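Pasted below: structure_17.cif, mmCIF, C-alpha atoms and all ligand atoms.
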data_structure
#
loop_
_atom_site.group_PDB
_atom_site.id
_atom_site.type_symbol
_atom_site.label_atom_id
_atom_site.label_comp_id
_atom_site.auth_asym_id
_atom_site.auth_seq_id
_atom_site.Cartn_x
_atom_site.Cartn_y
_atom_site.Cartn_z
ATOM 1 C CA MET A 1 6.365 25.494 -11.545
ATOM 2 C CA ILE A 2 4.070 22.858 -10.002
ATOM 3 C CA ASN A 3 0.774 24.288 -8.773
ATOM 4 C CA ASN A 4 2.042 27.926 -8.766
ATOM 5 C CA HIS A 5 4.096 27.317 -5.608
ATOM 6 C CA ILE A 6 6.657 24.586 -6.230
ATOM 7 C CA PRO A 7 9.472 25.433 -8.675
ATOM 8 C CA SER A 8 10.167 22.222 -10.639
ATOM 9 C CA ASN A 9 13.914 22.600 -10.010
ATOM 10 C CA HIS A 10 13.428 22.823 -6.225
ATOM 11 C CA PRO A 11 15.633 20.166 -4.532
ATOM 12 C CA ARG A 12 12.577 18.717 -2.784
ATOM 13 C CA ALA A 13 10.136 19.236 -5.670
ATOM 14 C CA LYS A 14 8.995 15.575 -5.817
ATOM 15 C CA SER A 15 8.344 15.429 -2.104
ATOM 16 C CA LEU A 16 6.453 18.749 -2.190
ATOM 17 C CA TYR A 17 4.423 17.503 -5.144
ATOM 18 C CA ILE A 18 3.376 14.387 -3.207
ATOM 19 C CA ARG A 19 2.355 16.587 -0.260
ATOM 20 C CA ASN A 20 0.309 18.613 -2.684
ATOM 21 C CA LEU A 21 -1.547 15.502 -3.876
ATOM 22 C CA LEU A 22 -2.448 14.696 -0.286
ATOM 23 C CA VAL A 23 -3.545 18.238 0.537
ATOM 24 C CA THR A 24 -5.724 18.227 -2.596
ATOM 25 C CA GLY A 25 -7.116 14.858 -1.463
ATOM 26 C CA PHE A 26 -7.784 16.326 1.973
ATOM 27 C CA LYS A 27 -9.607 19.349 0.532
ATOM 28 C CA SER A 28 -11.796 17.120 -1.638
ATOM 29 C CA GLY A 29 -12.670 14.877 1.327
ATOM 30 C CA LEU A 30 -10.744 11.734 0.317
ATOM 31 C CA VAL A 31 -8.069 12.081 2.998
ATOM 32 C CA VAL A 32 -8.624 12.616 6.737
ATOM 33 C CA PRO A 33 -6.477 15.164 8.647
ATOM 34 C CA GLU A 34 -4.809 12.194 10.347
ATOM 35 C CA GLY A 35 -3.775 11.025 6.885
ATOM 36 C CA LEU A 36 -1.603 14.140 6.544
ATOM 37 C CA LEU A 37 0.098 13.297 9.836
ATOM 38 C CA ALA A 38 0.577 9.677 8.725
ATOM 39 C CA HIS A 39 2.249 10.975 5.581
ATOM 40 C CA GLY A 40 4.600 13.114 7.678
ATOM 41 C CA ARG A 41 5.727 10.019 9.536
ATOM 42 C CA GLY A 42 6.253 8.270 6.225
ATOM 43 C CA GLU A 43 8.269 11.219 4.868
ATOM 44 C CA ALA A 44 10.695 11.027 7.788
ATOM 45 C CA PHE A 45 11.438 7.391 6.955
ATOM 46 C CA ASP A 46 11.639 8.207 3.249
ATOM 47 C CA TYR A 47 14.309 10.813 4.025
ATOM 48 C CA LEU A 48 16.312 8.173 5.896
ATOM 49 C CA ILE A 49 15.811 5.602 3.129
ATOM 50 C CA GLY A 50 17.222 8.134 0.634
ATOM 51 C CA GLU A 51 13.977 8.812 -1.286
ATOM 52 C CA HIS A 52 14.554 6.069 -3.810
ATOM 53 C CA THR A 53 13.379 2.500 -4.313
ATOM 54 C CA SER A 54 15.991 0.181 -2.827
ATOM 55 C CA VAL A 55 17.033 -3.140 -4.282
ATOM 56 C CA TYR A 56 15.290 -4.778 -1.281
ATOM 57 C CA ALA A 57 12.022 -3.040 -2.146
ATOM 58 C CA LEU A 58 12.414 -4.266 -5.740
ATOM 59 C CA HIS A 59 12.837 -7.860 -4.472
ATOM 60 C CA ALA A 60 9.722 -7.477 -2.338
ATOM 61 C CA ILE A 61 7.815 -6.027 -5.310
ATOM 62 C CA LYS A 62 8.684 -9.024 -7.495
ATOM 63 C CA ALA A 63 7.591 -11.452 -4.766
ATOM 64 C CA ALA A 64 4.400 -9.420 -4.201
ATOM 65 C CA SER A 65 3.537 -9.474 -7.922
ATOM 66 C CA SER A 66 4.085 -13.239 -7.977
ATOM 67 C CA LEU A 67 1.938 -13.775 -4.890
ATOM 68 C CA LEU A 68 -0.888 -11.682 -6.356
ATOM 69 C CA LEU A 69 -0.729 -13.614 -9.643
ATOM 70 C CA LEU A 70 -0.747 -16.959 -7.827
ATOM 71 C CA ALA A 71 -3.714 -16.020 -5.632
ATOM 72 C CA ASP A 72 -7.196 -17.473 -6.108
ATOM 73 C CA HIS A 73 -8.923 -14.409 -4.723
ATOM 74 C CA PRO A 74 -6.586 -11.401 -4.416
ATOM 75 C CA VAL A 75 -7.922 -8.143 -2.962
ATOM 76 C CA ILE A 76 -6.434 -4.634 -2.895
ATOM 77 C CA SER A 77 -7.557 -2.656 0.143
ATOM 78 C CA VAL A 78 -7.839 1.071 -0.572
ATOM 79 C CA ASN A 79 -7.815 3.845 2.043
ATOM 80 C CA GLY A 80 -7.929 7.642 1.736
ATOM 81 C CA ASN A 81 -4.193 8.252 1.377
ATOM 82 C CA SER A 82 -3.671 5.530 -1.217
ATOM 83 C CA ALA A 83 -6.645 6.769 -3.265
ATOM 84 C CA ALA A 84 -5.297 10.340 -3.221
ATOM 85 C CA LEU A 85 -1.770 9.251 -4.147
ATOM 86 C CA CYS A 86 -2.225 6.467 -6.681
ATOM 87 C CA ALA A 87 -5.806 5.596 -7.609
ATOM 88 C CA ARG A 88 -4.852 4.945 -11.233
ATOM 89 C CA GLU A 89 -2.097 2.478 -10.330
ATOM 90 C CA MET A 90 -4.429 0.688 -7.875
ATOM 91 C CA VAL A 91 -6.896 0.108 -10.713
ATOM 92 C CA GLU A 92 -4.123 -0.960 -13.124
ATOM 93 C CA LEU A 93 -2.739 -3.427 -10.597
ATOM 94 C CA ALA A 94 -6.227 -4.841 -10.012
ATOM 95 C CA ASN A 95 -6.610 -5.347 -13.769
ATOM 96 C CA TYR A 96 -3.250 -7.052 -14.317
ATOM 97 C CA SER A 97 -3.588 -9.309 -11.272
ATOM 98 C CA SER A 98 -7.367 -9.937 -11.558
ATOM 99 C CA ALA A 99 -7.734 -8.575 -8.029
ATOM 100 C CA PHE A 100 -10.786 -6.992 -6.436
ATOM 101 C CA LEU A 101 -10.643 -3.431 -5.121
ATOM 102 C CA GLU A 102 -12.198 -2.840 -1.708
ATOM 103 C CA VAL A 103 -12.552 0.436 0.165
ATOM 104 C CA ASN A 104 -11.612 -0.160 3.797
ATOM 105 C CA LEU A 105 -11.203 2.807 6.133
ATOM 106 C CA PHE A 106 -9.893 3.398 9.630
ATOM 107 C CA TYR A 107 -11.767 6.725 9.889
ATOM 108 C CA LYS A 108 -14.874 5.324 8.276
ATOM 109 C CA SER A 109 -17.604 7.560 6.822
ATOM 110 C CA ARG A 110 -20.184 6.904 4.098
ATOM 111 C CA ASN A 111 -19.162 10.063 2.301
ATOM 112 C CA ARG A 112 -15.479 9.094 2.102
ATOM 113 C CA GLU A 113 -16.288 5.544 1.064
ATOM 114 C CA TYR A 114 -18.371 6.947 -1.760
ATOM 115 C CA LEU A 115 -15.727 9.524 -2.794
ATOM 116 C CA ILE A 116 -12.939 6.927 -2.831
ATOM 117 C CA SER A 117 -15.081 4.506 -4.816
ATOM 118 C CA GLU A 118 -15.909 7.253 -7.341
ATOM 119 C CA THR A 119 -12.218 8.149 -7.643
ATOM 120 C CA LEU A 120 -11.375 4.514 -8.420
ATOM 121 C CA LYS A 121 -14.212 4.353 -10.960
ATOM 122 C CA LYS A 122 -13.037 7.570 -12.632
ATOM 123 C CA ASN A 123 -9.687 5.833 -13.005
ATOM 124 C CA GLY A 124 -11.231 2.835 -14.742
ATOM 125 C CA ALA A 125 -12.514 0.513 -11.983
ATOM 126 C CA ASN A 126 -15.739 -1.342 -12.789
ATOM 127 C CA ILE A 127 -16.478 -2.899 -9.421
ATOM 128 C CA VAL A 128 -15.501 -1.461 -6.048
ATOM 129 C CA LEU A 129 -16.312 -3.569 -2.979
ATOM 130 C CA GLY A 130 -16.773 -2.433 0.611
ATOM 131 C CA LEU A 131 -19.753 -0.113 0.208
ATOM 132 C CA ASP A 132 -22.663 -2.529 0.241
ATOM 133 C CA LYS A 133 -23.870 -2.918 3.850
ATOM 134 C CA LYS A 134 -25.632 -6.191 2.987
ATOM 135 C CA ASN A 135 -22.241 -7.718 2.157
ATOM 136 C CA SER A 136 -20.510 -6.445 5.282
ATOM 137 C CA ILE A 137 -19.110 -8.844 7.872
ATOM 138 C CA ASP A 138 -16.833 -8.212 10.860
ATOM 139 C CA ILE A 139 -13.328 -9.597 11.417
ATOM 140 C CA ILE A 140 -13.582 -10.952 14.969
ATOM 141 C CA ASP A 141 -10.109 -10.017 16.207
ATOM 142 C CA LEU A 142 -10.373 -6.346 15.222
ATOM 143 C CA THR A 143 -12.012 -3.506 17.117
ATOM 144 C CA SER A 144 -11.384 -0.578 14.718
ATOM 145 C CA SER A 145 -13.664 0.293 11.797
ATOM 146 C CA ARG A 146 -11.327 -1.703 9.603
ATOM 147 C CA ARG A 147 -13.095 -4.797 10.992
ATOM 148 C CA HIS A 148 -16.015 -4.230 8.591
ATOM 149 C CA VAL A 149 -15.032 -6.072 5.431
ATOM 150 C CA ASP A 150 -16.809 -7.280 2.326
ATOM 151 C CA LEU A 151 -17.904 -10.927 2.209
ATOM 152 C CA GLU A 152 -16.871 -11.104 -1.440
ATOM 153 C CA GLY A 153 -13.662 -9.159 -0.870
ATOM 154 C CA ILE A 154 -11.229 -9.162 2.037
ATOM 155 C CA TYR A 155 -13.255 -11.747 3.961
ATOM 156 C CA LYS A 156 -12.944 -14.286 1.155
ATOM 157 C CA ALA A 157 -9.438 -13.282 0.011
ATOM 158 C CA ASP A 158 -6.385 -15.508 0.180
ATOM 159 C CA VAL A 159 -3.997 -12.593 -0.563
ATOM 160 C CA VAL A 160 -4.625 -8.974 0.518
ATOM 161 C CA LEU A 161 -2.601 -5.876 -0.344
ATOM 162 C CA VAL A 162 -2.895 -3.400 2.545
ATOM 163 C CA PRO A 163 -0.876 -0.254 1.813
ATOM 164 C CA LEU A 164 -0.293 2.422 4.478
ATOM 165 C CA GLU A 165 -1.786 0.372 7.234
ATOM 166 C CA ASP A 166 -2.280 1.330 10.853
ATOM 167 C CA GLY A 167 -1.234 -1.775 12.740
ATOM 168 C CA ASP A 168 -3.449 -4.475 14.093
ATOM 169 C CA ARG A 169 -5.265 -5.541 10.925
ATOM 170 C CA THR A 170 -2.311 -7.315 9.354
ATOM 171 C CA SER A 171 -1.959 -9.650 12.359
ATOM 172 C CA ALA A 172 -5.726 -10.290 12.311
ATOM 173 C CA LEU A 173 -5.638 -11.161 8.590
ATOM 174 C CA ILE A 174 -2.602 -13.424 9.074
ATOM 175 C CA LYS A 175 -4.482 -15.164 11.905
ATOM 176 C CA MET A 176 -7.255 -15.797 9.370
ATOM 177 C CA LYS A 177 -4.613 -17.639 7.253
ATOM 178 C CA LYS A 178 -4.447 -14.931 4.600
ATOM 179 C CA LYS A 179 -1.204 -13.739 3.018
ATOM 180 C CA VAL A 180 -0.662 -10.010 3.472
ATOM 181 C CA ILE A 181 1.367 -7.633 1.318
ATOM 182 C CA THR A 182 2.024 -4.157 2.645
ATOM 183 C CA ILE A 183 3.656 -0.998 1.331
ATOM 184 C CA ASP A 184 5.066 0.975 4.244
ATOM 185 C CA LEU A 185 8.026 3.321 4.516
ATOM 186 C CA ASN A 186 8.562 2.251 8.103
ATOM 187 C CA PRO A 187 10.329 -1.124 8.325
ATOM 188 C CA LEU A 188 9.823 -1.080 12.104
ATOM 189 C CA SER A 189 6.034 -0.756 12.035
ATOM 190 C CA ARG A 190 3.907 -3.598 13.364
ATOM 191 C CA THR A 191 2.412 -3.983 9.908
ATOM 192 C CA SER A 192 5.816 -4.297 8.191
ATOM 193 C CA GLN A 193 7.020 -6.688 10.857
ATOM 194 C CA SER A 194 4.003 -8.993 10.621
ATOM 195 C CA ALA A 195 3.158 -8.957 6.888
ATOM 196 C CA THR A 196 4.012 -11.831 4.544
ATOM 197 C CA ILE A 197 5.704 -9.392 2.148
ATOM 198 C CA SER A 198 6.667 -5.851 3.216
ATOM 199 C CA ILE A 199 7.546 -3.391 0.485
ATOM 200 C CA ILE A 200 9.576 -0.725 2.276
ATOM 201 C CA ASP A 201 9.106 2.169 -0.107
ATOM 202 C CA ASN A 202 6.969 5.208 -0.814
ATOM 203 C CA ILE A 203 3.654 4.070 -2.274
ATOM 204 C CA VAL A 204 4.090 6.695 -5.002
ATOM 205 C CA ARG A 205 7.248 4.958 -6.243
ATOM 206 C CA ALA A 206 6.311 1.369 -5.374
ATOM 207 C CA MET A 207 2.936 1.212 -7.114
ATOM 208 C CA PRO A 208 4.205 1.940 -10.666
ATOM 209 C CA TYR A 209 6.908 -0.737 -10.162
ATOM 210 C CA LEU A 210 4.294 -3.169 -8.856
ATOM 211 C CA VAL A 211 2.074 -2.530 -11.886
ATOM 212 C CA GLU A 212 4.992 -2.882 -14.352
ATOM 213 C CA THR A 213 6.358 -6.032 -12.719
ATOM 214 C CA THR A 214 2.941 -7.684 -12.587
ATOM 215 C CA LYS A 215 2.392 -6.871 -16.255
ATOM 216 C CA LYS A 216 5.836 -8.264 -17.123
ATOM 217 C CA ILE A 217 5.611 -11.587 -15.246
ATOM 218 C CA LYS A 218 1.875 -12.166 -15.728
ATOM 219 C CA ASN A 219 2.407 -14.967 -18.243
ATOM 220 C CA MET A 220 5.198 -16.742 -16.391
ATOM 221 C CA LYS A 221 4.665 -20.405 -15.503
ATOM 222 C CA ARG A 222 3.021 -21.014 -12.107
ATOM 223 C CA SER A 223 6.059 -23.016 -10.993
ATOM 224 C CA SER A 224 8.356 -20.042 -11.747
ATOM 225 C CA LEU A 225 6.111 -17.672 -9.791
ATOM 226 C CA GLU A 226 6.044 -20.140 -6.892
ATOM 227 C CA LYS A 227 9.843 -20.278 -6.934
ATOM 228 C CA ILE A 228 10.056 -16.466 -6.672
ATOM 229 C CA VAL A 229 7.760 -16.511 -3.633
ATOM 230 C CA GLU A 230 9.570 -19.469 -2.001
ATOM 231 C CA GLU A 231 12.978 -17.844 -2.399
ATOM 232 C CA TYR A 232 11.849 -14.502 -0.970
ATOM 233 C CA ASP A 233 12.743 -13.950 2.707
ATOM 234 C CA ASN A 234 10.781 -11.081 4.281
ATOM 235 C CA GLN A 235 12.744 -10.971 7.533
ATOM 236 C CA TYR A 236 16.050 -10.762 5.639
ATOM 237 C CA ASN A 237 14.608 -7.977 3.511
ATOM 238 C CA LEU A 238 13.350 -6.047 6.548
ATOM 239 C CA ASP A 239 16.741 -6.377 8.254
ATOM 240 C CA LYS A 240 18.430 -5.038 5.111
ATOM 241 C CA SER A 241 16.025 -2.067 4.957
ATOM 242 C CA ILE A 242 16.762 -1.214 8.591
ATOM 243 C CA LYS A 243 20.513 -1.477 7.895
ATOM 244 C CA LEU A 244 20.076 0.803 4.874
ATOM 245 C CA ILE A 245 18.523 3.457 7.128
ATOM 246 C CA ARG A 246 21.306 3.033 9.710
ATOM 247 C CA GLY A 247 23.933 3.273 6.975
ATOM 248 C CA ASN A 248 22.421 6.454 5.545
ATOM 249 C CA ALA A 249 22.317 8.055 9.006
ATOM 250 C CA ASP A 250 25.903 6.926 9.763
ATOM 251 C CA SER A 251 27.156 8.419 6.495
ATOM 252 C CA LYS A 252 26.289 11.873 7.858
ATOM 253 C CA LEU A 253 28.501 11.416 10.930
ATOM 254 C CA ARG A 254 31.680 13.465 10.863
HETATM 255 O O1 LIG B 301 -8.134 6.625 5.090
HETATM 256 P P1 LIG B 301 -8.220 5.964 6.414
HETATM 257 O O2 LIG B 301 -9.395 6.433 7.238
HETATM 258 O O3 LIG B 301 -8.243 4.446 6.315
HETATM 259 O O4 LIG B 301 -6.899 6.333 7.253
HETATM 260 C C1 LIG B 301 -5.641 6.138 6.680
HETATM 261 C C2 LIG B 301 -4.470 6.441 7.657
HETATM 262 C C3 LIG B 301 -3.171 6.405 6.866
HETATM 263 C C4 LIG B 301 -4.691 7.820 8.255
HETATM 264 C C5 LIG B 301 -4.473 5.377 8.776
HETATM 265 O O5 LIG B 301 -4.350 4.106 8.193
HETATM 266 C C6 LIG B 301 -3.378 5.631 9.786
HETATM 267 O O6 LIG B 301 -3.549 6.330 10.775
HETATM 268 O O7 LIG B 301 -2.208 5.029 9.528
HETATM 269 P P2 LIG B 301 -0.884 5.101 10.460
HETATM 270 O O8 LIG B 301 -1.108 4.338 11.735
HETATM 271 O O9 LIG B 301 -0.405 6.487 10.598
HETATM 272 O O10 LIG B 301 0.133 4.254 9.597
HETATM 273 C C7 LIG B 301 0.444 4.593 8.282
HETATM 274 C C8 LIG B 301 1.778 3.950 7.901
HETATM 275 O O11 LIG B 301 2.026 4.278 6.536
HETATM 276 C C9 LIG B 301 2.969 4.482 8.705
HETATM 277 O O12 LIG B 301 3.817 3.387 9.063
HETATM 278 C C10 LIG B 301 3.715 5.424 7.735
HETATM 279 O O13 LIG B 301 5.107 5.394 7.918
HETATM 280 C C11 LIG B 301 3.349 4.811 6.398
HETATM 281 N N1 LIG B 301 3.288 5.779 5.292
HETATM 282 C C12 LIG B 301 2.808 7.049 5.296
HETATM 283 N N2 LIG B 301 2.887 7.614 4.083
HETATM 284 C C13 LIG B 301 3.416 6.679 3.260
HETATM 285 C C14 LIG B 301 3.678 5.505 4.018
HETATM 286 N N3 LIG B 301 4.182 4.388 3.486
HETATM 287 C C15 LIG B 301 4.446 4.408 2.145
HETATM 288 N N4 LIG B 301 4.225 5.486 1.362
HETATM 289 C C16 LIG B 301 3.721 6.634 1.867
HETATM 290 N N5 LIG B 301 3.521 7.707 1.068
#
Would you write out, as structure tokens, the structure that this file holds?
Ligand code: PTJ
Amino acid sequence: MINNHIPSNHPRAKSLYIRNLLVTGFKSGLVVPEGLLAHGRGEAFDYLIGEHTSVYALHAIKAASSLLLLADHPVISVNGNSAALCAREMVELANYSSAFLEVNLFYKSRNREYLISETLKKNGANIVLGLDKKNSIDIIDLTSSRRHVDLEGIYKADVVLVPLEDGDRTSALIKMKKKVITIDLNPLSRTSQSATISIIDNIVRAMPYLVETTKKIKNMKRSSLEKIVEEYDNQYNLDKSIKLIRGNADSKLR
């Protein structure tokens, strides 16, 4: 039994457990109510994907690990949902890839910024950017609260990981000549379609793979990492993810 309600042999136990993490995050103030709705949208795509990490997501993860390791100033952007679902893995990934962690919220509030930063610190983070107003600068092409970024973090970054993103920021970051990695269950979203590398998977499954892969290839030669990135084709990967969804839906036709 998980949390007195979810029998561990329930056919949808994993999915219910993830919901439970988000609801707990919502009750503690990490997650906004809109974050629960965003998760619902993600779940629908996860159902169509088949609730497992596809071979295309694994390719994207390897390219993403390589890109993070090649970066001069990689940054991992953390929002409420990602903190509630995988704070520990965010910190581990930052450690293995020497990336900075930055809290960046769509529904911005001082209290949530503080809570998310504390959650990351409880999971081992030493420095969390995005909270110091003196270091805050605006991204010109953005109007949402996500425009406020840290001078030492996203503003200066050459590679940014933006999981569970809401749309226009990826294009703005790409316009600033940054490389963007996203984790999004929806291969049709504007973020997935405009990112440099789109990992079409549930963040709960993708993050442990991303941590493991980064750890595994960390000491590879630069030229080998560059080759992995060069050979990766995001559009091909997105097309394959969309076909996977179509195929899964078609397989239910009688
Ligand atoms: O914490 P804040 O204030 O920064 O707000 C965070 C949310 C997620 C509420 C905000 O960014 C938002 O409204 O996002 P959207 O526009 O709903 O987009 C979220 C995207 O993440 C959608 O494309 C979902 O399909 C996708 N998604 C949701 N849950 C998951 C997911 N992708 C991967 N794993 C998930 N568990």
Using the chain letters and numbering of this document, enumerate as a VMD selection string the residues selected by the PyMOL selection byres (((chain A and resi 217-230) around 10) and not hetatm). chain A and resid 59 to 60 62 to 70 96 to 97 197 212 to 216 231 to 233
Could you write those residues out with C-alpha atoms, as a PDB file, in the frame of the given file?
ATOM      1  CA  HIS A  59      12.837  -7.860  -4.472  1.00  0.00           C
ATOM      2  CA  ALA A  60       9.722  -7.477  -2.338  1.00  0.00           C
ATOM      3  CA  LYS A  62       8.684  -9.024  -7.495  1.00  0.00           C
ATOM      4  CA  ALA A  63       7.591 -11.452  -4.766  1.00  0.00           C
ATOM      5  CA  ALA A  64       4.400  -9.420  -4.201  1.00  0.00           C
ATOM      6  CA  SER A  65       3.537  -9.474  -7.922  1.00  0.00           C
ATOM      7  CA  SER A  66       4.085 -13.239  -7.977  1.00  0.00           C
ATOM      8  CA  LEU A  67       1.938 -13.775  -4.890  1.00  0.00           C
ATOM      9  CA  LEU A  68      -0.888 -11.682  -6.356  1.00  0.00           C
ATOM     10  CA  LEU A  69      -0.729 -13.614  -9.643  1.00  0.00           C
ATOM     11  CA  LEU A  70      -0.747 -16.959  -7.827  1.00  0.00           C
ATOM     12  CA  TYR A  96      -3.250  -7.052 -14.317  1.00  0.00           C
ATOM     13  CA  SER A  97      -3.588  -9.309 -11.272  1.00  0.00           C
ATOM     14  CA  ILE A 197       5.704  -9.392   2.148  1.00  0.00           C
ATOM     15  CA  GLU A 212       4.992  -2.882 -14.352  1.00  0.00           C
ATOM     16  CA  THR A 213       6.358  -6.032 -12.719  1.00  0.00           C
ATOM     17  CA  THR A 214       2.941  -7.684 -12.587  1.00  0.00           C
ATOM     18  CA  LYS A 215       2.392  -6.871 -16.255  1.00  0.00           C
ATOM     19  CA  LYS A 216       5.836  -8.264 -17.123  1.00  0.00           C
ATOM     20  CA  GLU A 231      12.978 -17.844  -2.399  1.00  0.00           C
ATOM     21  CA  TYR A 232      11.849 -14.502  -0.970  1.00  0.00           C
ATOM     22  CA  ASP A 233      12.743 -13.950   2.707  1.00  0.00           C
TER      23      ASP A 233
END
Write out as JSON lines a residue-level contact list of chain A versus ligand LIG 301 (chain B) with cut-off 6 Å: for each qualifying residue the closest pair of atoms and the distance in Å to one decimal, counting all atoms listed in the file, rows sorted by chain and residue number upward.
{"residue": "A:Val31", "atom": "CA", "partner": "B:LIG301", "partner_atom": "O1", "distance": 5.8}
{"residue": "A:Glu34", "atom": "CA", "partner": "B:LIG301", "partner_atom": "C4", "distance": 4.8}
{"residue": "A:Gly35", "atom": "CA", "partner": "B:LIG301", "partner_atom": "C4", "distance": 3.6}
{"residue": "A:Ala38", "atom": "CA", "partner": "B:LIG301", "partner_atom": "O9", "distance": 3.8}
{"residue": "A:His39", "atom": "CA", "partner": "B:LIG301", "partner_atom": "N2", "distance": 3.7}
{"residue": "A:Arg41", "atom": "CA", "partner": "B:LIG301", "partner_atom": "O13", "distance": 4.9}
{"residue": "A:Gly42", "atom": "CA", "partner": "B:LIG301", "partner_atom": "O13", "distance": 3.5}
{"residue": "A:Asn79", "atom": "CA", "partner": "B:LIG301", "partner_atom": "O1", "distance": 4.1}
{"residue": "A:Gly80", "atom": "CA", "partner": "B:LIG301", "partner_atom": "O1", "distance": 3.5}
{"residue": "A:Asn81", "atom": "CA", "partner": "B:LIG301", "partner_atom": "O1", "distance": 5.7}
{"residue": "A:Leu105", "atom": "CA", "partner": "B:LIG301", "partner_atom": "O3", "distance": 3.4}
{"residue": "A:Phe106", "atom": "CA", "partner": "B:LIG301", "partner_atom": "O3", "distance": 3.8}
{"residue": "A:Tyr107", "atom": "CA", "partner": "B:LIG301", "partner_atom": "O2", "distance": 3.6}
{"residue": "A:Lys108", "atom": "CA", "partner": "B:LIG301", "partner_atom": "O2", "distance": 5.7}
{"residue": "A:Leu164", "atom": "CA", "partner": "B:LIG301", "partner_atom": "O11", "distance": 3.6}
{"residue": "A:Glu165", "atom": "CA", "partner": "B:LIG301", "partner_atom": "O5", "distance": 4.6}
{"residue": "A:Asp166", "atom": "CA", "partner": "B:LIG301", "partner_atom": "O8", "distance": 3.3}
{"residue": "A:Ile183", "atom": "CA", "partner": "B:LIG301", "partner_atom": "C15", "distance": 5.5}
{"residue": "A:Asp184", "atom": "CA", "partner": "B:LIG301", "partner_atom": "N3", "distance": 3.6}
{"residue": "A:Leu185", "atom": "CA", "partner": "B:LIG301", "partner_atom": "N3", "distance": 4.1}
{"residue": "A:Asn186", "atom": "CA", "partner": "B:LIG301", "partner_atom": "O13", "distance": 4.7}
{"residue": "A:Ser189", "atom": "CA", "partner": "B:LIG301", "partner_atom": "O12", "distance": 5.6}
{"residue": "A:Asp201", "atom": "CA", "partner": "B:LIG301", "partner_atom": "C15", "distance": 5.6}
{"residue": "A:Asn202", "atom": "CA", "partner": "B:LIG301", "partner_atom": "N4", "distance": 3.5}
{"residue": "A:Ile203", "atom": "CA", "partner": "B:LIG301", "partner_atom": "N4", "distance": 3.9}
Any idea what's packed within 10 Å of Asp168 (chain A), counting only C-alpha atoms, ignoring anything in its chain fewer than 2 positions away? Could you give it as an MDAnalysis selection string? chainID A and resid 141:144 146 165:166 170:173 190:191 194
Go ahead and compute the interatomic distance for CA of His73 (chain A) and CA of Glu152 (chain A), in Å to one decimal.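 CA of His73 (chain A) sits 9.2 Å away from CA of Glu152 (chain A).
Distances here use only C-alpha atoms; by that measure, the residue among A:Gly124, A:Gly130, A:Pro187, A:Gly50 closest to Asn248 (chain A) is A:Gly50.
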Could you list, as a list in words, every residue matched by the PyMOL selection byres (((chain A and resi 240) around 12) and not hetatm) in this structure?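 Expected selection for the PyMOL selection byres (((chain A and resi 240) around 12) and not hetatm) here is Ile49, Ser54, Val55, Tyr56, Ala57, His59, Ala60, Pro187, Leu188, Ser198, Ile199, Ile200, Asp233, Asn234, Gln235, Tyr236, Asn237, Leu238, Asp239, Ser241, Ile242, Lys243, Leu244, Ile245, Arg246 and Gly247 of chain A.
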Those same residues, written as a tab-separated table (two decimals), in the coordinates of the input with C-alpha atoms?
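As a result, selection-v6.tsv now contains:
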chain	number	residue	atom	x	y	z
A	49	ILE	CA	15.81	5.60	3.13
A	54	SER	CA	15.99	0.18	-2.83
A	55	VAL	CA	17.03	-3.14	-4.28
A	56	TYR	CA	15.29	-4.78	-1.28
A	57	ALA	CA	12.02	-3.04	-2.15
A	59	HIS	CA	12.84	-7.86	-4.47
A	60	ALA	CA	9.72	-7.48	-2.34
A	187	PRO	CA	10.33	-1.12	8.32
A	188	LEU	CA	9.82	-1.08	12.10
A	198	SER	CA	6.67	-5.85	3.22
A	199	ILE	CA	7.55	-3.39	0.48
A	200	ILE	CA	9.58	-0.72	2.28
A	233	ASP	CA	12.74	-13.95	2.71
A	234	ASN	CA	10.78	-11.08	4.28
A	235	GLN	CA	12.74	-10.97	7.53
A	236	TYR	CA	16.05	-10.76	5.64
A	237	ASN	CA	14.61	-7.98	3.51
A	238	LEU	CA	13.35	-6.05	6.55
A	239	ASP	CA	16.74	-6.38	8.25
A	241	SER	CA	16.02	-2.07	4.96
A	242	ILE	CA	16.76	-1.21	8.59
A	243	LYS	CA	20.51	-1.48	7.90
A	244	LEU	CA	20.08	0.80	4.87
A	245	ILE	CA	18.52	3.46	7.13
A	246	ARG	CA	21.31	3.03	9.71
A	247	GLY	CA	23.93	3.27	6.98
Top pick for closest residue to Lys178 (chain A), considering A:Asn95, A:Gln193, A:Val75, A:Leu36 and counting all atoms listed in the file: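 Between A:Asn95, A:Gln193, A:Val75, A:Leu36, the residue approaching Lys178 (chain A) most closely is A:Val75.
Of the listed residues (A:Asn20, A:Ser117, A:Ser82, A:Asn123), A:Ser82 comes nearest to Leu161 (chain A); the distances count all atoms listed in the file.
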Any idea what the distance is between CA of Ile127 (chain A) and CA of Val91 (chain A)?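 Going from CA of Ile127 (chain A) over to CA of Val91 (chain A) covers 10.1 Å.
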